[in-house]
Amino acid sequence: MSIFQIRQKTSGAILWTGSADDERTALDAMAREAGYPDSSALPDTLQAGGFETAKLDLIS
């Protein structure tokens, strides 16, 4: 698993940071934590701005 950070493209707001296997599962994890079944169920207003998903390379 990797650490991903999801931002809303229009505002730059960080929506979620956490571990996931890939970008798609990161989006679904963000949606589930917000109370939705998966990322396809997110409100159109949120999806309209788009998402920027970045894999964070953390060095300890």
# chains A, B, ... in the order shown; residues from 1 in each chain; ligands from 1
>>> select_by_dssp(residues="chain A", states="strand (DSSP E)", output="ChimeraX atom specification")
/A:2-8,14-20,51-56
>>> residues_around(residues="region 10-27 of chain A", least_positions_apart="3", cutoff="8 Å", atoms="only C-alpha atoms", output="number ranges by chain")
A: 1-7, 30-31, 38-39, 49-50, 53-55
>>> atom_distance(atom1="CA of Leu56 (chain A)", atom2="CA of Asp44 (chain A)")
26.7 Å
>>> select_by_dssp(residues="chain A", states="alpha helix (DSSP H)", output="list in words")
Glu23, Arg24, Thr25, Ala26, Leu27, Asp28, Ala29, Met30, Ala31, Arg32, Glu33, Asp44, Thr45, Leu46, Gln47 and Ala48 of chain A
>>> write_last_selection(atoms="N, CA, C and O atoms", output="mmCIF file, in the first residue's frame")
data_model
loop_
_atom_site.group_PDB
_atom_site.id
_atom_site.type_symbol
_atom_site.label_atom_id
_atom_site.label_comp_id
_atom_site.auth_asym_id
_atom_site.auth_seq_id
_atom_site.Cartn_x
_atom_site.Cartn_y
_atom_site.Cartn_z
ATOM 1 N N GLU A 23 -4.771 4.871 -7.079
ATOM 2 C CA GLU A 23 -5.563 6.097 -7.066
ATOM 3 C C GLU A 23 -7.060 5.827 -6.972
ATOM 4 O O GLU A 23 -7.786 6.530 -6.270
ATOM 5 N N ARG A 24 -7.525 4.830 -7.681
ATOM 6 C CA ARG A 24 -8.970 4.518 -7.678
ATOM 7 C C ARG A 24 -9.457 4.103 -6.298
ATOM 8 O O ARG A 24 -10.498 4.564 -5.824
ATOM 9 N N THR A 25 -8.696 3.228 -5.642
ATOM 10 C CA THR A 25 -9.113 2.795 -4.305
ATOM 11 C C THR A 25 -8.965 3.928 -3.293
ATOM 12 O O THR A 25 -9.699 3.980 -2.312
ATOM 13 N N ALA A 26 -8.047 4.868 -3.548
ATOM 14 C CA ALA A 26 -7.922 6.044 -2.679
ATOM 15 C C ALA A 26 -9.173 6.906 -2.787
ATOM 16 O O ALA A 26 -9.708 7.363 -1.769
ATOM 17 N N LEU A 27 -9.660 7.128 -4.004
ATOM 18 C CA LEU A 27 -10.893 7.906 -4.187
ATOM 19 C C LEU A 27 -12.082 7.227 -3.517
ATOM 20 O O LEU A 27 -12.910 7.877 -2.878
ATOM 21 N N ASP A 28 -12.159 5.909 -3.648
ATOM 22 C CA ASP A 28 -13.255 5.175 -3.011
ATOM 23 C C ASP A 28 -13.153 5.241 -1.483
ATOM 24 O O ASP A 28 -14.169 5.386 -0.794
ATOM 25 N N ALA A 29 -11.938 5.157 -0.950
ATOM 26 C CA ALA A 29 -11.751 5.241 0.503
ATOM 27 C C ALA A 29 -12.163 6.613 1.023
ATOM 28 O O ALA A 29 -12.813 6.724 2.064
ATOM 29 N N MET A 30 -11.804 7.672 0.276
ATOM 30 C CA MET A 30 -12.201 9.023 0.658
ATOM 31 C C MET A 30 -13.729 9.129 0.716
ATOM 32 O O MET A 30 -14.291 9.657 1.672
ATOM 33 N N ALA A 31 -14.384 8.605 -0.307
ATOM 34 C CA ALA A 31 -15.841 8.663 -0.374
ATOM 35 C C ALA A 31 -16.487 7.883 0.772
ATOM 36 O O ALA A 31 -17.437 8.361 1.396
ATOM 37 N N ARG A 32 -15.966 6.695 1.073
ATOM 38 C CA ARG A 32 -16.523 5.892 2.165
ATOM 39 C C ARG A 32 -16.384 6.610 3.504
ATOM 40 O O ARG A 32 -17.303 6.595 4.326
ATOM 41 N N GLU A 33 -15.253 7.258 3.733
ATOM 42 C CA GLU A 33 -15.073 7.990 4.988
ATOM 43 C C GLU A 33 -16.025 9.170 5.089
ATOM 44 O O GLU A 33 -16.347 9.624 6.190
ATOM 45 N N ASP A 44 -22.429 15.719 -7.447
ATOM 46 C CA ASP A 44 -21.955 16.291 -8.706
ATOM 47 C C ASP A 44 -21.163 17.579 -8.482
ATOM 48 O O ASP A 44 -20.198 17.842 -9.195
ATOM 49 N N THR A 45 -21.568 18.366 -7.506
ATOM 50 C CA THR A 45 -20.871 19.630 -7.243
ATOM 51 C C THR A 45 -19.416 19.389 -6.834
ATOM 52 O O THR A 45 -18.541 20.176 -7.179
ATOM 53 N N LEU A 46 -19.170 18.324 -6.124
ATOM 54 C CA LEU A 46 -17.807 17.982 -5.718
ATOM 55 C C LEU A 46 -17.036 17.382 -6.885
ATOM 56 O O LEU A 46 -15.877 17.719 -7.116
ATOM 57 N N GLN A 47 -17.681 16.518 -7.644
ATOM 58 C CA GLN A 47 -17.019 15.876 -8.776
ATOM 59 C C GLN A 47 -16.732 16.862 -9.903
ATOM 60 O O GLN A 47 -15.746 16.712 -10.627
ATOM 61 N N ALA A 48 -17.570 17.900 -10.045
ATOM 62 C CA ALA A 48 -17.422 18.855 -11.146
ATOM 63 C C ALA A 48 -16.071 19.566 -11.112
ATOM 64 O O ALA A 48 -15.492 19.854 -12.156
#
